[in-house]
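Have a look at work_24.cif; it's mmCIF, C-alpha atoms and all ligand atoms:
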data_my_file
loop_
_atom_site.group_PDB
_atom_site.id
_atom_site.type_symbol
_atom_site.label_atom_id
_atom_site.label_comp_id
_atom_site.auth_asym_id
_atom_site.auth_seq_id
_atom_site.Cartn_x
_atom_site.Cartn_y
_atom_site.Cartn_z
ATOM 1 C CA MET A 120 0.926 18.293 15.300
ATOM 2 C CA ASN A 121 4.709 18.334 14.810
ATOM 3 C CA ASP A 122 7.019 19.256 11.942
ATOM 4 C CA THR A 123 8.996 16.019 11.546
ATOM 5 C CA TYR A 124 8.019 15.747 7.882
ATOM 6 C CA GLY A 125 7.695 19.451 7.130
ATOM 7 C CA GLY A 126 8.598 20.221 3.504
ATOM 8 C CA LYS A 127 8.094 16.597 2.422
ATOM 9 C CA ASN A 128 5.715 15.757 -0.423
ATOM 10 C CA VAL A 129 4.107 12.328 -0.380
ATOM 11 C CA VAL A 130 1.851 10.348 -2.738
ATOM 12 C CA ILE A 131 -0.230 7.496 -1.311
ATOM 13 C CA THR A 132 -2.301 5.296 -3.631
ATOM 14 C CA GLY A 133 -5.423 3.938 -1.952
ATOM 15 C CA GLY A 134 -5.030 6.643 0.685
ATOM 16 C CA GLY A 135 -8.735 7.162 1.346
ATOM 17 C CA SER A 136 -9.100 4.335 3.865
ATOM 18 C CA GLY A 137 -7.329 1.778 6.027
ATOM 19 C CA ILE A 138 -3.535 1.639 6.079
ATOM 20 C CA GLY A 139 -3.181 4.305 3.383
ATOM 21 C CA PHE A 140 -5.361 6.762 5.273
ATOM 22 C CA ALA A 141 -3.587 6.086 8.588
ATOM 23 C CA THR A 142 -0.265 6.762 6.861
ATOM 24 C CA ALA A 143 -1.600 9.960 5.289
ATOM 25 C CA LYS A 144 -2.817 11.104 8.711
ATOM 26 C CA LEU A 145 0.499 10.339 10.434
ATOM 27 C CA LEU A 146 2.428 12.261 7.765
ATOM 28 C CA VAL A 147 0.040 15.224 7.457
ATOM 29 C CA ASP A 148 -0.007 15.561 11.249
ATOM 30 C CA ALA A 149 3.790 15.730 11.095
ATOM 31 C CA GLY A 150 3.871 18.500 8.493
ATOM 32 C CA ALA A 151 3.955 16.664 5.132
ATOM 33 C CA ARG A 152 1.873 17.522 2.089
ATOM 34 C CA VAL A 153 0.095 14.383 0.923
ATOM 35 C CA VAL A 154 -1.747 13.419 -2.256
ATOM 36 C CA ILE A 155 -4.114 10.498 -1.699
ATOM 37 C CA THR A 156 -5.675 8.524 -4.531
ATOM 38 C CA GLY A 157 -8.487 6.029 -4.870
ATOM 39 C CA ARG A 158 -11.397 5.016 -7.035
ATOM 40 C CA SER A 159 -14.269 6.410 -4.981
ATOM 41 C CA GLN A 160 -14.677 10.193 -5.025
ATOM 42 C CA THR A 161 -16.976 10.037 -1.993
ATOM 43 C CA THR A 162 -14.415 8.131 0.109
ATOM 44 C CA LEU A 163 -11.631 10.427 -1.063
ATOM 45 C CA ASP A 164 -13.555 13.608 -0.301
ATOM 46 C CA ALA A 165 -14.405 12.403 3.200
ATOM 47 C CA ALA A 166 -10.769 11.420 3.798
ATOM 48 C CA ALA A 167 -9.414 14.739 2.498
ATOM 49 C CA GLU A 168 -11.789 16.635 4.749
ATOM 50 C CA ARG A 169 -10.548 14.694 7.795
ATOM 51 C CA LEU A 170 -6.911 15.239 6.798
ATOM 52 C CA GLY A 171 -7.171 18.989 6.303
ATOM 53 C CA THR A 172 -5.582 21.470 3.950
ATOM 54 C CA ASN A 173 -2.240 19.679 3.551
ATOM 55 C CA ALA A 174 -3.984 16.774 1.798
ATOM 56 C CA LEU A 175 -5.192 16.646 -1.775
ATOM 57 C CA ALA A 176 -7.467 13.864 -3.045
ATOM 58 C CA VAL A 177 -7.125 12.780 -6.683
ATOM 59 C CA ARG A 178 -9.479 10.182 -8.122
ATOM 60 C CA SER A 179 -7.254 7.764 -9.996
ATOM 61 C CA ASP A 180 -7.581 4.046 -10.721
ATOM 62 C CA VAL A 181 -4.161 2.379 -10.484
ATOM 63 C CA SER A 182 -5.164 -0.233 -13.048
ATOM 64 C CA ALA A 183 -5.843 2.445 -15.719
ATOM 65 C CA LEU A 184 -2.669 3.860 -17.253
ATOM 66 C CA PRO A 185 -4.338 7.109 -18.447
ATOM 67 C CA ASP A 186 -5.379 7.703 -14.809
ATOM 68 C CA LEU A 187 -1.778 7.222 -13.685
ATOM 69 C CA ASP A 188 -0.534 9.637 -16.369
ATOM 70 C CA ALA A 189 -3.107 12.188 -15.216
ATOM 71 C CA LEU A 190 -2.088 11.607 -11.589
ATOM 72 C CA ALA A 191 1.581 12.180 -12.406
ATOM 73 C CA ALA A 192 0.717 15.414 -14.226
ATOM 74 C CA ARG A 193 -1.428 16.631 -11.327
ATOM 75 C CA VAL A 194 1.254 15.746 -8.757
ATOM 76 C CA ARG A 195 3.876 17.568 -10.833
ATOM 77 C CA ASP A 196 1.646 20.663 -10.982
ATOM 78 C CA GLU A 197 0.629 20.607 -7.309
ATOM 79 C CA LEU A 198 3.748 19.307 -5.561
ATOM 80 C CA GLY A 199 6.603 19.505 -8.057
ATOM 81 C CA THR A 200 8.835 16.803 -6.620
ATOM 82 C CA VAL A 201 7.971 13.858 -4.384
ATOM 83 C CA GLN A 202 9.986 12.615 -1.407
ATOM 84 C CA ALA A 203 7.918 9.525 -0.590
ATOM 85 C CA LEU A 204 5.662 7.278 -2.666
ATOM 86 C CA PHE A 205 3.506 4.735 -0.839
ATOM 87 C CA VAL A 206 2.205 2.149 -3.312
ATOM 88 C CA ASN A 207 -0.631 0.878 -1.176
ATOM 89 C CA ALA A 208 -3.793 0.454 -3.293
ATOM 90 C CA GLY A 209 -4.923 -3.143 -3.336
ATOM 91 C CA ILE A 210 -7.835 -5.545 -3.191
ATOM 92 C CA THR A 211 -8.218 -9.004 -1.680
ATOM 93 C CA SER A 212 -9.609 -12.008 -3.497
ATOM 94 C CA ALA A 213 -10.130 -14.767 -0.959
ATOM 95 C CA MET A 214 -11.265 -17.974 -2.649
ATOM 96 C CA PRO A 215 -9.971 -21.489 -3.323
ATOM 97 C CA PHE A 216 -7.882 -21.690 -6.486
ATOM 98 C CA ALA A 217 -10.267 -24.345 -7.855
ATOM 99 C CA SER A 218 -13.145 -21.865 -8.025
ATOM 100 C CA THR A 219 -11.155 -18.763 -8.976
ATOM 101 C CA THR A 220 -12.460 -17.284 -12.207
ATOM 102 C CA GLU A 221 -10.412 -15.578 -14.908
ATOM 103 C CA GLU A 222 -12.194 -12.336 -14.033
ATOM 104 C CA VAL A 223 -11.113 -12.492 -10.377
ATOM 105 C CA TYR A 224 -7.554 -13.389 -11.391
ATOM 106 C CA ASP A 225 -7.318 -10.562 -13.926
ATOM 107 C CA GLU A 226 -8.781 -7.925 -11.610
ATOM 108 C CA SER A 227 -6.464 -8.899 -8.760
ATOM 109 C CA PHE A 228 -3.353 -8.766 -10.930
ATOM 110 C CA ALA A 229 -4.517 -5.606 -12.741
ATOM 111 C CA ILE A 230 -4.801 -3.686 -9.473
ATOM 112 C CA ASN A 231 -2.304 -5.306 -7.120
ATOM 113 C CA VAL A 232 0.519 -6.037 -9.575
ATOM 114 C CA LYS A 233 0.182 -4.052 -12.808
ATOM 115 C CA GLY A 234 -1.225 -1.092 -10.881
ATOM 116 C CA ALA A 235 1.741 -1.042 -8.524
ATOM 117 C CA PHE A 236 4.268 -1.492 -11.329
ATOM 118 C CA PHE A 237 2.970 1.422 -13.385
ATOM 119 C CA THR A 238 2.390 3.627 -10.347
ATOM 120 C CA VAL A 239 6.122 3.453 -9.687
ATOM 121 C CA GLN A 240 7.008 3.824 -13.375
ATOM 122 C CA LYS A 241 4.813 6.896 -13.896
ATOM 123 C CA LEU A 242 5.744 8.678 -10.656
ATOM 124 C CA ALA A 243 9.451 7.792 -10.630
ATOM 125 C CA PRO A 244 10.410 10.848 -12.734
ATOM 126 C CA LEU A 245 9.046 13.088 -9.961
ATOM 127 C CA LEU A 246 10.972 11.410 -7.140
ATOM 128 C CA SER A 247 13.792 13.496 -5.730
ATOM 129 C CA THR A 248 17.250 12.297 -4.748
ATOM 130 C CA GLY A 249 16.991 10.465 -1.430
ATOM 131 C CA ALA A 250 13.281 9.706 -1.908
ATOM 132 C CA GLY A 251 11.745 6.522 -0.523
ATOM 133 C CA VAL A 252 9.278 4.215 -2.252
ATOM 134 C CA VAL A 253 7.305 1.715 -0.168
ATOM 135 C CA LEU A 254 5.367 -1.130 -1.782
ATOM 136 C CA THR A 255 2.662 -2.914 0.220
ATOM 137 C CA THR A 256 3.140 -6.670 0.137
ATOM 138 C CA SER A 257 1.541 -9.061 2.636
ATOM 139 C CA ALA A 258 2.471 -11.734 5.150
ATOM 140 C CA VAL A 259 0.770 -14.264 2.867
ATOM 141 C CA ASN A 260 3.400 -13.826 0.153
ATOM 142 C CA VAL A 261 5.641 -16.241 2.101
ATOM 143 C CA MET A 262 2.848 -18.531 3.283
ATOM 144 C CA GLY A 263 0.573 -21.159 1.820
ATOM 145 C CA MET A 264 -2.650 -19.854 3.282
ATOM 146 C CA GLU A 265 -5.891 -21.365 2.055
ATOM 147 C CA GLY A 266 -7.905 -19.188 -0.319
ATOM 148 C CA THR A 267 -5.119 -16.721 -1.033
ATOM 149 C CA SER A 268 -3.365 -18.158 -4.115
ATOM 150 C CA VAL A 269 -4.032 -15.237 -6.479
ATOM 151 C CA TYR A 270 -3.606 -12.479 -3.899
ATOM 152 C CA ALA A 271 -0.455 -14.011 -2.393
ATOM 153 C CA ALA A 272 1.145 -14.553 -5.801
ATOM 154 C CA GLY A 273 0.520 -10.921 -6.688
ATOM 155 C CA LYS A 274 2.066 -9.753 -3.432
ATOM 156 C CA ALA A 275 5.066 -12.037 -4.018
ATOM 157 C CA ALA A 276 5.482 -10.317 -7.381
ATOM 158 C CA LEU A 277 5.586 -6.965 -5.590
ATOM 159 C CA ARG A 278 8.170 -8.276 -3.173
ATOM 160 C CA SER A 279 10.307 -9.140 -6.190
ATOM 161 C CA MET A 280 9.696 -5.737 -7.797
ATOM 162 C CA ALA A 281 10.936 -4.015 -4.638
ATOM 163 C CA ARG A 282 14.326 -5.604 -5.320
ATOM 164 C CA SER A 283 14.426 -4.842 -9.072
ATOM 165 C CA PHE A 284 13.170 -1.267 -8.698
ATOM 166 C CA SER A 285 15.729 -0.726 -5.938
ATOM 167 C CA ARG A 286 18.530 -1.694 -8.265
ATOM 168 C CA GLU A 287 17.298 0.495 -11.122
ATOM 169 C CA LEU A 288 16.587 3.545 -8.945
ATOM 170 C CA LEU A 289 19.778 3.278 -6.903
ATOM 171 C CA PRO A 290 21.764 5.501 -9.282
ATOM 172 C CA ARG A 291 19.272 8.284 -8.516
ATOM 173 C CA GLY A 292 19.658 7.784 -4.748
ATOM 174 C CA ILE A 293 16.103 6.481 -4.415
ATOM 175 C CA ARG A 294 15.390 3.594 -2.026
ATOM 176 C CA VAL A 295 12.609 1.061 -2.588
ATOM 177 C CA ASN A 296 11.356 -1.184 0.206
ATOM 178 C CA ALA A 297 8.261 -3.211 1.008
ATOM 179 C CA VAL A 298 6.066 -3.243 4.079
ATOM 180 C CA SER A 299 4.457 -6.612 4.736
ATOM 181 C CA PRO A 300 1.403 -6.369 6.970
ATOM 182 C CA GLY A 301 -0.131 -9.333 8.698
ATOM 183 C CA PRO A 302 -3.831 -9.144 9.539
ATOM 184 C CA VAL A 303 -4.963 -5.556 9.981
ATOM 185 C CA ASP A 304 -8.640 -4.860 10.562
ATOM 186 C CA THR A 305 -9.387 -2.231 7.934
ATOM 187 C CA GLY A 306 -12.582 -3.505 6.333
ATOM 188 C CA ILE A 307 -10.686 -4.770 3.251
ATOM 189 C CA LEU A 308 -11.998 -8.322 3.815
ATOM 190 C CA GLU A 309 -15.621 -7.210 3.938
ATOM 191 C CA ASN A 310 -15.190 -5.683 0.471
ATOM 192 C CA THR A 311 -14.834 -9.137 -1.085
ATOM 193 C CA MET A 312 -16.391 -11.542 1.469
ATOM 194 C CA THR A 313 -19.695 -11.879 3.235
ATOM 195 C CA LYS A 314 -19.653 -10.627 6.824
ATOM 196 C CA GLU A 315 -19.884 -14.228 8.097
ATOM 197 C CA ALA A 316 -16.898 -15.349 5.998
ATOM 198 C CA ALA A 317 -14.898 -12.294 7.057
ATOM 199 C CA ASP A 318 -15.719 -12.940 10.735
ATOM 200 C CA GLN A 319 -14.589 -16.554 10.424
ATOM 201 C CA PHE A 320 -11.408 -15.572 8.561
ATOM 202 C CA LYS A 321 -10.623 -12.980 11.224
ATOM 203 C CA ALA A 322 -11.194 -15.427 14.112
ATOM 204 C CA GLU A 323 -8.766 -17.875 12.463
ATOM 205 C CA ARG A 324 -6.114 -15.175 11.999
ATOM 206 C CA VAL A 325 -6.379 -14.074 15.649
ATOM 207 C CA ALA A 326 -6.132 -17.686 16.883
ATOM 208 C CA GLU A 327 -2.967 -18.408 14.858
ATOM 209 C CA ASN A 328 -1.241 -15.062 15.493
ATOM 210 C CA PRO A 329 1.534 -15.114 18.122
ATOM 211 C CA MET A 330 0.208 -11.801 19.498
ATOM 212 C CA ARG A 331 -3.395 -13.090 19.375
ATOM 213 C CA ARG A 332 -4.686 -9.901 17.800
ATOM 214 C CA PHE A 333 -4.960 -7.923 14.600
ATOM 215 C CA GLY A 334 -2.565 -5.088 13.937
ATOM 216 C CA THR A 335 -3.800 -1.529 13.618
ATOM 217 C CA PRO A 336 -3.438 0.657 10.518
ATOM 218 C CA GLU A 337 -1.385 3.056 12.651
ATOM 219 C CA GLU A 338 1.158 0.324 13.456
ATOM 220 C CA VAL A 339 1.700 -0.221 9.731
ATOM 221 C CA ALA A 340 1.772 3.534 9.084
ATOM 222 C CA ARG A 341 4.681 3.980 11.509
ATOM 223 C CA ALA A 342 6.650 1.304 9.642
ATOM 224 C CA VAL A 343 5.894 2.985 6.309
ATOM 225 C CA ALA A 344 7.100 6.372 7.572
ATOM 226 C CA PHE A 345 10.276 4.710 8.859
ATOM 227 C CA LEU A 346 10.969 2.974 5.533
ATOM 228 C CA ALA A 347 10.117 6.042 3.474
ATOM 229 C CA PHE A 348 12.168 8.579 5.390
ATOM 230 C CA ASP A 349 14.388 7.130 8.106
ATOM 231 C CA ALA A 350 15.719 3.838 6.733
ATOM 232 C CA THR A 351 18.491 5.567 4.802
ATOM 233 C CA TYR A 352 20.763 2.487 4.589
ATOM 234 C CA THR A 353 17.979 0.093 3.575
ATOM 235 C CA THR A 354 16.842 -0.720 0.061
ATOM 236 C CA GLY A 355 15.281 -3.785 -1.550
ATOM 237 C CA ALA A 356 14.110 -4.997 1.862
ATOM 238 C CA GLU A 357 10.762 -6.135 3.201
ATOM 239 C CA PHE A 358 9.757 -4.994 6.694
ATOM 240 C CA VAL A 359 7.287 -7.300 8.389
ATOM 241 C CA VAL A 360 4.471 -5.929 10.587
ATOM 242 C CA ASP A 361 2.530 -9.080 11.391
ATOM 243 C CA GLY A 362 2.594 -9.807 15.128
ATOM 244 C CA GLY A 363 5.237 -12.456 14.462
ATOM 245 C CA MET A 364 2.939 -14.489 12.203
ATOM 246 C CA THR A 365 5.604 -15.293 9.593
ATOM 247 C CA GLN A 366 8.609 -15.104 11.929
ATOM 248 C CA LEU A 367 7.969 -17.227 15.040
HETATM 249 P P1 LIG A 401 -8.521 -0.788 2.276
HETATM 250 O O1 LIG A 401 -9.542 -1.477 1.442
HETATM 251 O O2 LIG A 401 -8.965 0.133 3.338
HETATM 252 O O3 LIG A 401 -7.464 0.002 1.378
HETATM 253 C C1 LIG A 401 -7.233 -0.267 0.042
HETATM 254 C C2 LIG A 401 -7.363 1.026 -0.714
HETATM 255 O O4 LIG A 401 -7.009 0.807 -2.073
HETATM 256 C C3 LIG A 401 -8.787 1.572 -0.670
HETATM 257 O O5 LIG A 401 -8.745 2.937 -0.307
HETATM 258 C C4 LIG A 401 -9.267 1.403 -2.103
HETATM 259 O O6 LIG A 401 -10.143 2.417 -2.494
HETATM 260 C C5 LIG A 401 -7.959 1.483 -2.856
HETATM 261 N N1 LIG A 401 -8.037 0.865 -4.171
HETATM 262 C C6 LIG A 401 -8.515 -0.362 -4.485
HETATM 263 N N2 LIG A 401 -8.455 -0.546 -5.802
HETATM 264 C C7 LIG A 401 -7.951 0.591 -6.328
HETATM 265 C C8 LIG A 401 -7.653 1.019 -7.635
HETATM 266 N N3 LIG A 401 -7.894 0.234 -8.693
HETATM 267 N N4 LIG A 401 -7.140 2.251 -7.813
HETATM 268 C C9 LIG A 401 -6.896 3.066 -6.761
HETATM 269 N N5 LIG A 401 -7.158 2.715 -5.503
HETATM 270 C C10 LIG A 401 -7.683 1.490 -5.287
HETATM 271 O O7 LIG A 401 -7.624 -1.947 2.891
HETATM 272 P P2 LIG A 401 -6.176 -1.942 3.591
HETATM 273 O O8 LIG A 401 -6.206 -3.141 4.455
HETATM 274 O O9 LIG A 401 -5.850 -0.629 4.165
HETATM 275 O O10 LIG A 401 -5.221 -2.285 2.359
HETATM 276 C C11 LIG A 401 -4.117 -1.507 2.002
HETATM 277 C C12 LIG A 401 -3.043 -2.398 1.413
HETATM 278 O O11 LIG A 401 -2.570 -3.277 2.442
HETATM 279 C C13 LIG A 401 -3.509 -3.295 0.268
HETATM 280 O O12 LIG A 401 -2.502 -3.337 -0.729
HETATM 281 C C14 LIG A 401 -3.645 -4.656 0.936
HETATM 282 O O13 LIG A 401 -3.481 -5.714 0.013
HETATM 283 C C15 LIG A 401 -2.526 -4.584 1.937
HETATM 284 N N6 LIG A 401 -2.628 -5.528 3.039
HETATM 285 C C16 LIG A 401 -3.678 -5.454 3.917
HETATM 286 C C17 LIG A 401 -3.749 -6.368 4.955
HETATM 287 C C18 LIG A 401 -4.882 -6.342 5.931
HETATM 288 O O14 LIG A 401 -5.012 -7.298 6.716
HETATM 289 N N7 LIG A 401 -5.699 -5.307 5.977
HETATM 290 C C19 LIG A 401 -2.746 -7.341 5.124
HETATM 291 C C20 LIG A 401 -1.690 -7.369 4.218
HETATM 292 C C21 LIG A 401 -1.645 -6.461 3.181
#
Represent the supplied structure as structure tokens.
Amino acid sequence: MNDTYGGKNVVITGGGSGIGFATAKLLVDAGARVVITGRSQTTLDAAAERLGTNALAVRSDVSALPDLDALAARVRDELGTVQALFVNAGITSAMPFASTTEEVYDESFAINVKGAFFTVQKLAPLLSTGAGVVLTTSAVNVMGMEGTSVYAAGKAALRSMARSFSRELLPRGIRVNAVSPGPVDTGILENTMTKEAADQFKAERVAENPMRRFGTPEEVARAVAFLAFDATYTTGAEFVVDGGMTQL
């Protein structure tokens, strides 16, 4: 425990697992108060219990605008103002574009793109001067990786939004940046693929990665904390945490 982020209020969408949870843990352990959101009450309750009394779990689907309105109202009541917003909720949809259905396309964009857009819109009024917003993009938004056309396009849209939001929030002294993870073993793949497909996908990512390994959620969390709080002369940027995958 330390007090690096004492007095800071943080909202993390999709904070019940993976990268979002690791970020919540890093910040709570350093004194912040954190609201985590997600769709599964069971996952959220378990996460909140592990995080302790400085964490509050709010069930809220980012693709449902009434949920985001309710989240904003709850955050206003519980925290007042917000110093960091981590727009992290997301799903994968790994399949060739030829067999991608309208349903898969719509769900991916509803959560990953529309959900992120309206999360920022609805919570922006609560952000204080000097606050940091971090959007979660992905290494694949600058790649042509097989089976990722819908997901990658959505993440590329978020990369673009980081620039536009930055410009519009600049007058309020709010910075907006993106964190772009490479492969991080969080279980997100298994949510949309069979175990065999996920194992094969993972083996391919390890083989092609310059560091020959997956990243950890904690490695991404440290980058998020840096962008949210310490990168005070940085806005509209994308910070890559991918073992060199898109850089070397
Ligand atoms: P994860 O599945 O553990 O986390 C995603 C979280 O988002 C979950 O807690 C889930 O409940 C939540 N979520 C999903 N749909 C939601 C909705 N409609 N409303 C609210 N919450 C919702 O996986 P993760 O790997 O930690 O993913 C976090 C983010 O990182 C995602 O945006 C993902 O696209 C991105 N990302 C992950 C990787 C990776 O390799 N793991 C790589 C690049 C980018």
Could you check the closest approach to Ser212 in chain A for each of A:Thr305, A:Asn310, A:Ala276, A:Arg195 and tell me which residue wins, using all atoms listed in the file? A:Asn310
When the PyMOL selection byres (((chain A and resi 264) around 12) and not hetatm) is applied to the structure above, which residues does it catch, written out as a list of chain:residue names? A:Ala213, A:Met214, A:Pro215, A:Phe216, A:Ser257, A:Ala258, A:Val259, A:Asn260, A:Val261, A:Met262, A:Gly263, A:Glu265, A:Gly266, A:Thr267, A:Ser268, A:Val269, A:Tyr270, A:Ala271, A:Ala272, A:Phe320, A:Glu323, A:Arg324, A:Glu327, A:Met364, A:Thr365
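Pairwise distance (CA of Lys144 in chain A, CA of Glu357 in chain A) equals 22.6 Å.
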For the provided coordinates, the residues matched by the PyMOL selection byres (((chain A and resi 367) around 12) and not hetatm) should be stated as a VMD selection string. chain A and resid 327 to 330 359 361 to 366
CA of Ala347 in chain A to CA of Val325 in chain A measures 28.7 Å
Ranking A:Ala275, A:Ala176, A:Leu198, A:Ala141 by minimum distance to Ala342 in chain A and counting all atoms listed in the file, which one comes first? A:Ala141
The PyMOL selection byres (((not hetatm)) within 8 of (chain A and resi 401)) applied to the shown file, residues as an MDAnalysis selection string: chainID A and resid 132:140 156:159 162 178:183 206:211 229:231 234 255:259 270 274 299:308 310 333:334 336
Pick from A:Met312, A:Val339, A:Ala192, A:Leu254, whichever lies nearest to Ala235 in chain A using only C-alpha atoms: A:Leu254
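Taking CA of Ala297 in chain A and CA of Gly355 in chain A as the two end points, the separation is 7.5 Å.
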Restricting the calculation to all atoms listed in the file: of A:Gln240, A:Asn121, A:Asn173, A:Asn296, which residue gets closest to Arg282 in chain A? A:Asn296
Taking all listed atoms of range 311-326 of chain A, build the axis-aligned box, pad each of the six sides by 5 Å, then write its centre and edge lengths in Å to one decimal as lines of an AutoDock Vina configuration file.
center_x = -13.0
center_y = -13.5
center_z = 7.9
size_x = 23.8
size_y = 18.7
size_z = 28.0
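Ranking A:Arg169, A:Lys127, A:Arg291, A:Arg278 by their shortest atom-to-atom distance to Gln202 in chain A, with all atoms listed in the file included, puts A:Lys127 first.
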Which residue of A:Asp122, A:Asp148, A:Asp225, A:Asp349 approaches Gly249 in chain A most closely, using only C-alpha atoms: A:Asp349
At a cut-off of 12 Å, using only C-alpha atoms, what residues contact Gly125 in chain A? Leave out same-chain residues fewer than 4 positions from it and give the result as an MDAnalysis selection string. chainID A and resid 120:121 129 146:153 173 202 348
Residue subset to file, keeping C-alpha atoms, as a PDB file, keeping the file's coordinate frame:
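Just written: out-v5.pdb:
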ATOM      1  CA  MET A 120       0.926  18.293  15.300  1.00  0.00           C
ATOM      2  CA  ASN A 121       4.709  18.334  14.810  1.00  0.00           C
ATOM      3  CA  VAL A 129       4.107  12.328  -0.380  1.00  0.00           C
ATOM      4  CA  LEU A 146       2.428  12.261   7.765  1.00  0.00           C
ATOM      5  CA  VAL A 147       0.040  15.224   7.457  1.00  0.00           C
ATOM      6  CA  ASP A 148      -0.007  15.561  11.249  1.00  0.00           C
ATOM      7  CA  ALA A 149       3.790  15.730  11.095  1.00  0.00           C
ATOM      8  CA  GLY A 150       3.871  18.500   8.493  1.00  0.00           C
ATOM      9  CA  ALA A 151       3.955  16.664   5.132  1.00  0.00           C
ATOM     10  CA  ARG A 152       1.873  17.522   2.089  1.00  0.00           C
ATOM     11  CA  VAL A 153       0.095  14.383   0.923  1.00  0.00           C
ATOM     12  CA  ASN A 173      -2.240  19.679   3.551  1.00  0.00           C
ATOM     13  CA  GLN A 202       9.986  12.615  -1.407  1.00  0.00           C
ATOM     14  CA  PHE A 348      12.168   8.579   5.390  1.00  0.00           C
TER      15      PHE A 348
END
Could you add N, CA, C and O atoms to range 338-350 of chain A and give me the result as a compact mmCIF listing (two decimals), in the coordinates of the input?
# COMPACT_ATOMS: atom_id res chain seq x y z
N GLU A 338 -0.10 1.07 13.27
CA GLU A 338 1.16 0.32 13.46
C GLU A 338 1.87 0.13 12.12
O GLU A 338 3.10 0.16 12.04
N VAL A 339 1.09 -0.09 11.06
CA VAL A 339 1.70 -0.22 9.73
C VAL A 339 2.19 1.15 9.25
O VAL A 339 3.28 1.28 8.69
N ALA A 340 1.40 2.18 9.52
CA ALA A 340 1.77 3.53 9.08
C ALA A 340 3.13 3.95 9.64
O ALA A 340 3.95 4.55 8.94
N ARG A 341 3.39 3.60 10.91
CA ARG A 341 4.68 3.98 11.51
C ARG A 341 5.84 3.28 10.78
O ARG A 341 6.90 3.87 10.58
N ALA A 342 5.61 2.03 10.38
CA ALA A 342 6.65 1.30 9.64
C ALA A 342 6.87 1.93 8.27
O ALA A 342 8.00 2.04 7.79
N VAL A 343 5.79 2.36 7.64
CA VAL A 343 5.89 2.98 6.31
C VAL A 343 6.69 4.29 6.40
O VAL A 343 7.59 4.55 5.59
N ALA A 344 6.37 5.10 7.40
CA ALA A 344 7.10 6.37 7.57
C ALA A 344 8.58 6.10 7.81
O ALA A 344 9.45 6.78 7.25
N PHE A 345 8.88 5.07 8.59
CA PHE A 345 10.28 4.71 8.86
C PHE A 345 10.97 4.32 7.55
O PHE A 345 12.06 4.83 7.22
N LEU A 346 10.34 3.43 6.79
CA LEU A 346 10.97 2.97 5.53
C LEU A 346 11.12 4.12 4.54
O LEU A 346 12.13 4.25 3.85
N ALA A 347 10.10 4.97 4.47
CA ALA A 347 10.12 6.04 3.47
C ALA A 347 11.16 7.10 3.78
O ALA A 347 11.81 7.63 2.87
N PHE A 348 11.33 7.42 5.05
CA PHE A 348 12.17 8.58 5.39
C PHE A 348 13.41 8.27 6.22
O PHE A 348 14.43 8.93 6.07
N ASP A 349 13.30 7.30 7.12
CA ASP A 349 14.39 7.13 8.11
C ASP A 349 15.34 5.98 7.79
O ASP A 349 16.47 5.98 8.28
N ALA A 350 14.90 5.03 6.99
CA ALA A 350 15.72 3.84 6.73
C ALA A 350 16.71 4.13 5.60
O ALA A 350 16.65 3.54 4.51
